[in-house]
Amino acid sequence: HGIDGLVVIGGIQRISKVSQVIVPFMAGCYVVAVVLILIFNFTAIPGALVEIVQSAFGLRAVTGGTIGGMLMAMQMGVARGIFSNEAGLGSTPMAHAAATAKSPLQQASIGMLDVFIDTIIVCSMTGFAILVTGVWNMGADHAGLLTHLAFEKVFPNIGGIIVTCALSIFAFTTVLGWAVYGERCVIYLFGDHAVKYFRIVFCLVAAAGCVMALNTVWLISDTANALMAFPNLIGILLLSPKIVQIIREEVQKDPSFKF
């Protein structure tokens, strides 16, 4: 928490320097580890695909849908998906707005690519790792333990360490990113003088979250995300005609433009 606090108090410049070193290294190591798990268990990949299809369209899925399980699955899927990529929250535009792209639309396409890589590729790879190692039916108390078990099964004695380090770095950089978002919002609402107070409060809240009950943390986070998502999605719908107009104007200026 001390390091985390010092980085946040140092401002966006220090956050940028720390993140640009940690994030690529973190993502690369994690992807390589998951790829090795899939390679070592390549014979189980066809069975994993069959399990996915059967679970989605089989009798269990139909039964779950009739008793409300489908609604619960959708709720949990959307909530956890938002944590994965922040799609629809309206937070990442604050980061993309600071980029120096040739066109806002090109930067927007990069933002969509972020969601694809994060959720469709990385999260799917994690899911396959859990399936091919057979740990998905071990009845772990928390879903997060399944990744730990999958890594430990392929990399005994070090798999758990890999997952723990990866999760720690994921969480650390996520906290830094949200610190930037919060800082930008505080500046907009209250002015530059309020930033130092926000940084102190942010560090205290982050520390408190580490010792709170997990269910309480999820409940607070899901509620806060919903409060961000609803007004943002309404704004997106209202601005959709403007987006179409901008795309058409860009295509007229440059027929080779690809969005």
# chains A, B, ... in the order shown; residues from 1 in each chain; ligands from 1
>>> residues_around(residues="segment 148-150 of chain A", least_positions_apart="3", cutoff="8 Å", atoms="only C-alpha atoms", output="list in words")
Ala129, Ile130, Thr133, Gly134, Val135, Gly144, Leu145, Lys153, Val154, Gly159, Gly160, Val163 and Thr164 of chain A
>>> select_by_dssp(residues="segment 82-218 of chain A", states="helix (DSSP H, G or I)", output="VMD selection string")
chain A and resid 82 to 85 93 to 96 104 to 132 135 to 137 144 to 154 159 to 190 192 to 211 214 to 218
>>> residues_around(residues="segment 34-39 of chain A", least_positions_apart="4", cutoff="10 Å", atoms="only C-alpha atoms", output="PyMOL selection string")
chain A and resi 29-30+43-45+122+125-133+147+150-151+153-155
>>> atom_distance(atom1="atom CA of Val186 of chain A", atom2="atom CA of Ser221 of chain A")
19.1 Å
>>> decode(residues="segment 132-174 of chain A", atoms="N, CA and C atoms", output="mmCIF file, in the first residue's frame")
data_model
loop_
_atom_site.group_PDB
_atom_site.id
_atom_site.type_symbol
_atom_site.label_atom_id
_atom_site.label_comp_id
_atom_site.auth_asym_id
_atom_site.auth_seq_id
_atom_site.Cartn_x
_atom_site.Cartn_y
_atom_site.Cartn_z
ATOM 1 N N VAL A 132 -9.008 -27.226 -19.942
ATOM 2 C CA VAL A 132 -8.134 -28.306 -20.405
ATOM 3 C C VAL A 132 -7.392 -28.987 -19.268
ATOM 4 N N THR A 133 -7.210 -28.287 -18.155
ATOM 5 C CA THR A 133 -6.546 -28.908 -17.009
ATOM 6 C C THR A 133 -7.525 -29.677 -16.130
ATOM 7 N N GLY A 134 -8.830 -29.528 -16.385
ATOM 8 C CA GLY A 134 -9.827 -30.293 -15.655
ATOM 9 C C GLY A 134 -10.127 -29.808 -14.263
ATOM 10 N N VAL A 135 -9.691 -28.602 -13.915
ATOM 11 C CA VAL A 135 -9.908 -28.114 -12.547
ATOM 12 C C VAL A 135 -11.255 -27.418 -12.391
ATOM 13 N N TRP A 136 -11.984 -27.229 -13.498
ATOM 14 C CA TRP A 136 -13.222 -26.459 -13.456
ATOM 15 C C TRP A 136 -14.299 -27.130 -12.608
ATOM 16 N N ASN A 137 -14.217 -28.453 -12.425
ATOM 17 C CA ASN A 137 -15.234 -29.161 -11.647
ATOM 18 C C ASN A 137 -14.742 -29.570 -10.266
ATOM 19 N N MET A 138 -13.728 -28.857 -9.758
ATOM 20 C CA MET A 138 -13.198 -29.183 -8.435
ATOM 21 C C MET A 138 -13.992 -28.531 -7.309
ATOM 22 N N GLY A 139 -14.946 -27.671 -7.655
ATOM 23 C CA GLY A 139 -15.781 -27.073 -6.627
ATOM 24 C C GLY A 139 -15.077 -26.057 -5.762
ATOM 25 N N ALA A 140 -14.244 -25.222 -6.361
ATOM 26 C CA ALA A 140 -13.544 -24.191 -5.607
ATOM 27 C C ALA A 140 -14.539 -23.192 -5.030
ATOM 28 N N ASP A 141 -14.252 -22.681 -3.833
ATOM 29 C CA ASP A 141 -15.156 -21.738 -3.182
ATOM 30 C C ASP A 141 -15.274 -20.435 -3.967
ATOM 31 N N HIS A 142 -14.190 -20.018 -4.585
ATOM 32 C CA HIS A 142 -14.194 -18.793 -5.378
ATOM 33 C C HIS A 142 -13.630 -19.111 -6.756
ATOM 34 N N ALA A 143 -14.247 -18.516 -7.783
ATOM 35 C CA ALA A 143 -13.832 -18.802 -9.151
ATOM 36 C C ALA A 143 -12.371 -18.442 -9.387
ATOM 37 N N GLY A 144 -11.889 -17.434 -8.676
ATOM 38 C CA GLY A 144 -10.499 -17.026 -8.856
ATOM 39 C C GLY A 144 -9.508 -18.120 -8.522
ATOM 40 N N LEU A 145 -9.912 -19.036 -7.662
ATOM 41 C CA LEU A 145 -9.014 -20.130 -7.296
ATOM 42 C C LEU A 145 -8.805 -21.104 -8.443
ATOM 43 N N LEU A 146 -9.741 -21.151 -9.395
ATOM 44 C CA LEU A 146 -9.616 -22.097 -10.499
ATOM 45 C C LEU A 146 -8.376 -21.804 -11.345
ATOM 46 N N THR A 147 -8.102 -20.535 -11.582
ATOM 47 C CA THR A 147 -6.900 -20.178 -12.334
ATOM 48 C C THR A 147 -5.650 -20.618 -11.574
ATOM 49 N N HIS A 148 -5.664 -20.400 -10.268
ATOM 50 C CA HIS A 148 -4.555 -20.834 -9.425
ATOM 51 C C HIS A 148 -4.354 -22.344 -9.534
ATOM 52 N N LEU A 149 -5.439 -23.105 -9.466
ATOM 53 C CA LEU A 149 -5.351 -24.566 -9.548
ATOM 54 C C LEU A 149 -4.861 -25.021 -10.918
ATOM 55 N N ALA A 150 -5.322 -24.340 -11.980
ATOM 56 C CA ALA A 150 -4.899 -24.705 -13.330
ATOM 57 C C ALA A 150 -3.398 -24.506 -13.515
ATOM 58 N N PHE A 151 -2.890 -23.376 -13.061
ATOM 59 C CA PHE A 151 -1.457 -23.106 -13.178
ATOM 60 C C PHE A 151 -0.650 -24.072 -12.317
ATOM 61 N N GLU A 152 -1.146 -24.331 -11.122
ATOM 62 C CA GLU A 152 -0.416 -25.207 -10.206
ATOM 63 C C GLU A 152 -0.358 -26.637 -10.737
ATOM 64 N N LYS A 153 -1.371 -27.048 -11.474
ATOM 65 C CA LYS A 153 -1.398 -28.407 -12.009
ATOM 66 C C LYS A 153 -0.349 -28.600 -13.094
ATOM 67 N N VAL A 154 -0.117 -27.561 -13.889
ATOM 68 C CA VAL A 154 0.873 -27.651 -14.977
ATOM 69 C C VAL A 154 2.262 -27.261 -14.494
ATOM 70 N N PHE A 155 2.317 -26.279 -13.607
ATOM 71 C CA PHE A 155 3.601 -25.821 -13.066
ATOM 72 C C PHE A 155 3.607 -26.024 -11.553
ATOM 73 N N PRO A 156 3.839 -27.250 -11.092
ATOM 74 C CA PRO A 156 3.794 -27.530 -9.638
ATOM 75 C C PRO A 156 4.776 -26.649 -8.870
ATOM 76 N N ASN A 157 4.295 -26.157 -7.730
ATOM 77 C CA ASN A 157 5.088 -25.356 -6.794
ATOM 78 C C ASN A 157 5.349 -23.926 -7.258
ATOM 79 N N ILE A 158 5.263 -23.658 -8.560
ATOM 80 C CA ILE A 158 5.498 -22.289 -9.036
ATOM 81 C C ILE A 158 4.275 -21.694 -9.717
ATOM 82 N N GLY A 159 3.304 -22.549 -10.088
ATOM 83 C CA GLY A 159 2.112 -22.048 -10.774
ATOM 84 C C GLY A 159 1.344 -21.050 -9.933
ATOM 85 N N GLY A 160 1.193 -21.367 -8.646
ATOM 86 C CA GLY A 160 0.488 -20.455 -7.759
ATOM 87 C C GLY A 160 1.212 -19.133 -7.611
ATOM 88 N N ILE A 161 2.538 -19.196 -7.593
ATOM 89 C CA ILE A 161 3.331 -17.965 -7.490
ATOM 90 C C ILE A 161 3.138 -17.094 -8.731
ATOM 91 N N ILE A 162 3.094 -17.741 -9.909
ATOM 92 C CA ILE A 162 2.895 -16.995 -11.155
ATOM 93 C C ILE A 162 1.564 -16.261 -11.131
ATOM 94 N N VAL A 163 0.506 -16.988 -10.729
ATOM 95 C CA VAL A 163 -0.822 -16.379 -10.696
ATOM 96 C C VAL A 163 -0.876 -15.251 -9.674
ATOM 97 N N THR A 164 -0.296 -15.489 -8.501
ATOM 98 C CA THR A 164 -0.314 -14.465 -7.454
ATOM 99 C C THR A 164 0.402 -13.197 -7.907
ATOM 100 N N CYS A 165 1.556 -13.364 -8.526
ATOM 101 C CA CYS A 165 2.302 -12.191 -9.011
ATOM 102 C C CYS A 165 1.528 -11.479 -10.114
ATOM 103 N N ALA A 166 0.942 -12.261 -11.038
ATOM 104 C CA ALA A 166 0.190 -11.653 -12.137
ATOM 105 C C ALA A 166 -1.010 -10.875 -11.607
ATOM 106 N N LEU A 167 -1.755 -11.478 -10.688
ATOM 107 C CA LEU A 167 -2.928 -10.806 -10.133
ATOM 108 C C LEU A 167 -2.535 -9.550 -9.365
ATOM 109 N N SER A 168 -1.434 -9.631 -8.651
ATOM 110 C CA SER A 168 -0.984 -8.465 -7.887
ATOM 111 C C SER A 168 -0.653 -7.303 -8.817
ATOM 112 N N ILE A 169 0.038 -7.611 -9.907
ATOM 113 C CA ILE A 169 0.413 -6.558 -10.848
ATOM 114 C C ILE A 169 -0.815 -6.048 -11.599
ATOM 115 N N PHE A 170 -1.718 -6.970 -11.989
ATOM 116 C CA PHE A 170 -2.973 -6.545 -12.619
ATOM 117 C C PHE A 170 -3.706 -5.562 -11.712
ATOM 118 N N ALA A 171 -3.850 -5.940 -10.443
ATOM 119 C CA ALA A 171 -4.577 -5.095 -9.491
ATOM 120 C C ALA A 171 -3.864 -3.766 -9.281
ATOM 121 N N PHE A 172 -2.540 -3.801 -9.175
ATOM 122 C CA PHE A 172 -1.763 -2.597 -8.922
ATOM 123 C C PHE A 172 -1.933 -1.578 -10.042
ATOM 124 N N THR A 173 -1.789 -2.040 -11.297
ATOM 125 C CA THR A 173 -1.918 -1.122 -12.422
ATOM 126 C C THR A 173 -3.359 -0.649 -12.606
ATOM 127 N N THR A 174 -4.324 -1.504 -12.245
ATOM 128 C CA THR A 174 -5.728 -1.091 -12.318
ATOM 129 C C THR A 174 -6.006 0.041 -11.343
#
